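Step one of this worksheet: look at the structure below.
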Amino acid sequence: MTTFDGIWVPLVTPFRQQKIDLRAAQQLALQMTDAGVKGLVVCGTTGESATLDDAEQARLLAAIQEAVPANFPVALGLSGSGTHAMVERLTRFGITPAAYLISAPTYVRPSQEGIRLHFEALAAASDRPIILYNIPSRTGANIDLETVATLAANPKFVAIKDCGGQLDQTSALLSQARLNVLCGDDALMFDVFAMGGHGAISASAHIRPDLFVHLLHLIGHSKTREALVLFSQLLPLIKVLFSEPNPAPVKAALSMLWGTEDSMRLPMTPMSNKGKLQLAKALEQVMAIPSPNVSNFSSLKISQRELELQLITETTFSPKCSAELASEPSKELVH
């Protein structure tokens with residue numbers, strides 16, 4: 001049975017020549033599961049879901065489910081403006097996720113009653129659990145505490161990804177909402193965990209997920225001082241990863257570390273060269289942090305000086321994917 005706590009990673013969607021690189025996505029998913037994360041989200045904001053059609057989203061979900069261990073939870077992001085259209089999309093997917101991560105209706109800025117009825121309609125259309133996604137900076141509408149509390153009476157609503165950016169609202173959610181509260185603002189992760197947060201859905205955790213898992217472990221075992229030291233080491237990287245629109249910096253970091261193609265679909269664009277210089281420095285520092293466990297996240301493929309030389313000579317970040325990273329999902333992955 002899925003428990004909606006711990007560190008979840010909202011996977012980026014790797015591209016190769018503007019097509020989804022399913023093998024690279026599978027390999028990335030395995031990197032995350034090996035590091036001890038509790039779950040994955042595909043087709044969320046970090047996964048550039050707005051640029052993927054329904055068929056691509058279904059293929060991506062199927063490929064990730066094929067790659068990860070049996071019963072490992074993979075949630076699917078779902079967003080939109082119209083309730084009827086979203087219900088149709090939800091019922092049309094041929095592959096069933098472990099849960100849906102669903103934001104408030106975008107752009108239209110409905111009333112709280114409209115938001116409540118929207119989520120209730122989606123819950124009635126599926127037997128899957130739903131993680132509420134409160135991100136007013138993108139949707140234009142906050143999911144108020146009373147609305148969350150009302151929805152929480154329905155057992156299909158199991159958690160909320162809180163990207164409201166207001167710790168007082170987070171505190172109220174923890175004390176009143178009867179849902180697991182997952183931090184969605186990476187820079188506030190330490191505070192939310194210390195307040196009793198149940199975990200996080202963290203884009204930053206693509207990089208050294210073992211350390212993010214350990215951070216939550218430390219706080220859960222009342223090792224607050226050690227946790228604060230670790231978070232202070234992670235925070236400079238977190239800030240750089242959100243210094244430009246997500247997921248451009250995360251994709252740039254993955255390209256530096258593992259050679260995935262640093263590309264996005266318009267209107268999203270890759271991280272700036274100036275940003276990449278700052279990112280390489282932050283990565284070098286974080287990759288040097290000793291792992292709390294045996295981990296394959298141990299070395300940085302490109303040094304700060306090497307990156308500077310590349311940028312000075314205007315050499316582009318060319319794809320370094322190995323030949324075995326095919327564009328179709330493989331049934332021969334080694335788990």
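Ligands are numbered from 1 in the order shown, residues from 1 within each chain, and chains are lettered A, B, ... in the order they appear in the structure tokens.
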Spatial neighbours of Gly196 in chain A, max dist 12 Å, only C-alpha atoms, sep filter under 4 positions, as a count of residues only
23
So that each row is one residue of range 38-148 of chain A with an atom at most 8 Å from range 25-28 of chain A, can you give its shortest atom pair and the distance in Å to one decimal, using only C-alpha atoms, rows by chain and rising number, as a Markdown table?
```
| residue | atom | partner | partner_atom | distance |
| --- | --- | --- | --- | --- |
| A:Leu60 | CA | A:Ala25 | CA | 8.0 |
| A:Ala63 | CA | A:Gln26 | CA | 6.6 |
| A:Ile64 | CA | A:Gln26 | CA | 5.5 |
| A:Ala67 | CA | A:Gln26 | CA | 5.6 |
| A:Val68 | CA | A:Gln26 | CA | 7.7 |
```
Export, as a short mmCIF file (atom, residue, chain, number, x, y, z; two decimals), in the first residue's frame, the selected residues with C-alpha atoms.
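And here is the file that came out, result-v2.cif:
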```cif
data_model
loop_
_atom_site.label_atom_id
_atom_site.label_comp_id
_atom_site.auth_asym_id
_atom_site.auth_seq_id
_atom_site.Cartn_x
_atom_site.Cartn_y
_atom_site.Cartn_z
CA LEU A 60 6.11 8.07 -20.54
CA ALA A 63 7.93 3.40 -19.55
CA ILE A 64 8.63 4.56 -15.99
CA ALA A 67 11.51 0.39 -15.29
CA VAL A 68 10.99 0.78 -11.54
#
```
Got a sec: who's within 9 Å of Gln57 in chain A, counting only C-alpha atoms, leaving out chain neighbours fewer than 3 positions off, as a short mmCIF file (atom, residue, chain, number, x, y, z; two decimals) with C-alpha atoms, in the first residue's frame?
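Contents of the output file selection_17.cif:
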```
data_model
loop_
_atom_site.label_atom_id
_atom_site.label_comp_id
_atom_site.auth_asym_id
_atom_site.auth_seq_id
_atom_site.Cartn_x
_atom_site.Cartn_y
_atom_site.Cartn_z
CA VAL A 42 5.71 11.99 -14.09
CA CYS A 43 4.19 14.76 -16.19
CA SER A 49 3.61 18.32 -19.06
CA LEU A 52 3.37 16.81 -23.95
CA ASP A 53 0.27 15.45 -25.64
CA ASP A 54 -1.86 12.73 -24.02
CA LEU A 60 6.11 8.07 -20.54
CA LEU A 61 4.07 6.77 -17.60
CA ALA A 62 4.17 3.23 -19.00
CA LEU A 76 0.80 11.20 -12.78
CA PHE A 93 -5.40 7.04 -19.89
#
```
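Closest approach to Val108 in chain A from the set A:Ala55, A:Ala288, A:Leu235, A:Ala141 is made by A:Ala141, with distances taken over only C-alpha atoms.
Between CA of Ala203 in chain A and CA of Val37 in chain A there is a distance of 12.2 Å.
With only C-alpha atoms as the atoms that count, the residue of A:Pro249, A:Pro97, A:Gly164, A:Pro129 with the shortest distance to Ala152 in chain A is A:Pro129.
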When you look at Ser79 in chain A with a cut-off of 7 Å (counting only C-alpha atoms), what residues show up, excluding the ones that are within fewer than 4 positions of it in the same chain? I need them as a list in words.
Ile102, Ser103 and Pro105 of chain A
Just-selected residues, N, CA and C atoms written as a short mmCIF file (atom, residue, chain, number, x, y, z; two decimals), in the first residue's frame:
```cif
data_model
loop_
_atom_site.label_atom_id
_atom_site.label_comp_id
_atom_site.auth_asym_id
_atom_site.auth_seq_id
_atom_site.Cartn_x
_atom_site.Cartn_y
_atom_site.Cartn_z
N ILE A 102 -2.89 16.60 -8.75
CA ILE A 102 -3.80 17.48 -9.49
C ILE A 102 -3.81 18.88 -8.87
N SER A 103 -3.57 19.87 -9.72
CA SER A 103 -3.58 21.26 -9.27
C SER A 103 -4.98 21.84 -9.40
N PRO A 105 -7.76 24.39 -10.88
CA PRO A 105 -7.92 24.82 -12.27
C PRO A 105 -7.05 26.04 -12.58
#
```
Hey, which bits of range 14-71 of chain A sit within 10 Å of range 263-276 of chain A, and for each residue what's the closest pair of atoms and how far apart in Å (one decimal), counting only C-alpha atoms, rows by chain and increasing number, as CSV?
```
residue,atom,partner,partner_atom,distance
A:Pro14,CA,A:Ser263,CA,7.7
A:Phe15,CA,A:Ser263,CA,6.3
A:Arg16,CA,A:Ser263,CA,7.6
A:Gln17,CA,A:Ser263,CA,8.1
A:Gln18,CA,A:Arg265,CA,6.8
A:Lys19,CA,A:Arg265,CA,9.4
A:Glu48,CA,A:Arg265,CA,8.1
A:Ala50,CA,A:Arg265,CA,9.6
A:Thr51,CA,A:Arg265,CA,6.6
A:Leu52,CA,A:Arg265,CA,9.1
```
Which neighbours of Pro73 in chain A fall inside 8 Å, counting only C-alpha atoms, when residues of the same chain fewer than 3 positions from it are skipped, and could you give them as a ChimeraX atom specification?
/A:2,38-40,97-99
Applying 12 Å and only C-alpha atoms, which residues near Pro110 in chain A remain after dropping the ones on its own chain fewer than 3 positions away? List them as number ranges by chain.
A: 81-83, 104-107, 113-118, 136, 139-144
So which residues of range 64-170 of chain A fall under alpha helix (DSSP H) by DSSP, listed as JSON, numbers by chain?
{"A": [64, 65, 66, 67, 83, 84, 85, 86, 87, 88, 89, 90, 91, 92, 112, 113, 114, 115, 116, 117, 118, 119, 120, 121, 122, 123, 124, 136, 137, 138, 139, 145, 146, 147, 148, 149, 150, 151, 152, 167, 168, 169, 170]}
Output of the above residues as a short mmCIF file (atom, residue, chain, number, x, y, z; two decimals), in the first residue's frame, restricted to C-alpha atoms:
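Written output follows (result20.cif):
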```
data_model
loop_
_atom_site.label_atom_id
_atom_site.label_comp_id
_atom_site.auth_asym_id
_atom_site.auth_seq_id
_atom_site.Cartn_x
_atom_site.Cartn_y
_atom_site.Cartn_z
CA ILE A 64 8.63 4.56 -15.99
CA GLN A 65 6.31 1.93 -14.52
CA GLU A 66 8.12 -0.71 -16.59
CA ALA A 67 11.51 0.39 -15.29
CA THR A 83 -13.43 20.18 -15.17
CA HIS A 84 -15.27 18.22 -17.88
CA ALA A 85 -12.20 18.03 -20.11
CA MET A 86 -10.01 16.95 -17.21
CA VAL A 87 -12.43 14.19 -16.22
CA GLU A 88 -12.33 12.94 -19.81
CA ARG A 89 -8.52 12.96 -19.78
CA LEU A 90 -8.36 11.16 -16.46
CA THR A 91 -10.61 8.35 -17.68
CA ARG A 92 -8.87 8.10 -21.07
CA GLN A 112 -13.37 28.04 -3.49
CA GLU A 113 -16.69 26.28 -4.13
CA GLY A 114 -15.69 25.83 -7.76
CA ILE A 115 -12.32 24.40 -6.71
CA ARG A 116 -14.00 21.99 -4.29
CA LEU A 117 -16.53 20.78 -6.88
CA HIS A 118 -13.73 20.44 -9.45
CA PHE A 119 -11.73 18.10 -7.23
CA GLU A 120 -14.81 16.16 -6.16
CA ALA A 121 -15.72 15.53 -9.80
CA LEU A 122 -12.22 14.22 -10.51
CA ALA A 123 -12.27 12.01 -7.43
CA ALA A 124 -15.60 10.51 -8.51
CA PRO A 136 -1.16 29.60 -6.70
CA SER A 137 1.83 31.24 -8.40
CA ARG A 138 1.07 29.11 -11.47
CA THR A 139 -2.69 28.51 -11.28
CA LEU A 145 -7.51 25.71 4.25
CA GLU A 146 -11.29 25.25 4.60
CA THR A 147 -11.46 23.79 1.09
CA VAL A 148 -8.62 21.39 1.82
CA ALA A 149 -10.23 20.35 5.11
CA THR A 150 -13.54 19.66 3.37
CA LEU A 151 -11.88 17.59 0.65
CA ALA A 152 -9.85 15.69 3.25
CA LEU A 167 4.63 28.81 6.50
CA ASP A 168 1.61 29.92 8.52
CA GLN A 169 -0.66 28.18 6.00
CA THR A 170 1.60 25.12 6.10
#
```
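Proximity ranking of A:Lys161, A:Ala280, A:Pro155, A:Ser111 relative to Asp127 in chain A places A:Pro155 first, based on only C-alpha atoms.
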Once DSSP has gone over the backbone, tell me which residues of range 166-278 of chain A are in strand (DSSP E), as a short mmCIF file (atom, residue, chain, number, x, y, z; two decimals) with all heavy atoms, in the first residue's frame.
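Contents of states17.cif, freshly written:
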```cif
data_model
loop_
_atom_site.label_atom_id
_atom_site.label_comp_id
_atom_site.auth_asym_id
_atom_site.auth_seq_id
_atom_site.Cartn_x
_atom_site.Cartn_y
_atom_site.Cartn_z
N ASN A 180 -1.51 14.19 4.55
CA ASN A 180 -0.06 14.32 4.57
C ASN A 180 0.34 15.57 3.81
O ASN A 180 -0.15 15.83 2.72
CB ASN A 180 0.59 13.10 3.91
CG ASN A 180 0.64 11.90 4.85
OD1 ASN A 180 0.05 11.91 5.93
ND2 ASN A 180 1.35 10.87 4.45
N VAL A 181 1.22 16.35 4.41
CA VAL A 181 1.67 17.60 3.81
C VAL A 181 3.06 17.39 3.24
O VAL A 181 4.01 17.07 3.97
CB VAL A 181 1.67 18.75 4.83
CG1 VAL A 181 2.23 20.03 4.21
CG2 VAL A 181 0.26 18.99 5.36
N LEU A 182 3.17 17.55 1.92
CA LEU A 182 4.43 17.37 1.22
C LEU A 182 4.93 18.74 0.76
O LEU A 182 4.22 19.45 0.04
CB LEU A 182 4.25 16.44 0.02
CG LEU A 182 3.67 15.06 0.33
CD1 LEU A 182 3.40 14.28 -0.95
CD2 LEU A 182 4.61 14.27 1.25
N CYS A 183 6.12 19.10 1.16
CA CYS A 183 6.68 20.39 0.82
C CYS A 183 6.93 20.46 -0.69
O CYS A 183 7.52 19.54 -1.27
CB CYS A 183 7.97 20.62 1.59
SG CYS A 183 8.77 22.20 1.21
N GLY A 199 6.98 14.98 4.16
CA GLY A 199 7.92 14.71 3.08
C GLY A 199 7.94 15.87 2.11
O GLY A 199 7.58 17.00 2.45
N ALA A 200 8.36 15.58 0.88
CA ALA A 200 8.46 16.62 -0.14
C ALA A 200 8.34 16.00 -1.52
O ALA A 200 8.68 14.84 -1.72
CB ALA A 200 9.79 17.36 -0.01
N ILE A 201 7.82 16.79 -2.44
CA ILE A 201 7.92 16.47 -3.87
C ILE A 201 8.88 17.51 -4.41
O ILE A 201 8.52 18.66 -4.62
CB ILE A 201 6.55 16.53 -4.57
CG1 ILE A 201 5.60 15.50 -3.95
CG2 ILE A 201 6.70 16.25 -6.06
CD1 ILE A 201 4.20 15.48 -4.55
#
```
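Among the candidate residues A:Leu188, A:His198, A:Gly47, A:Ile135, the one lying nearest to Leu228 in chain A is A:Leu188, with distances computed using only C-alpha atoms.
Put simply, CA of Gly80 in chain A is 18.7 Å away from CA of Asn246 in chain A.
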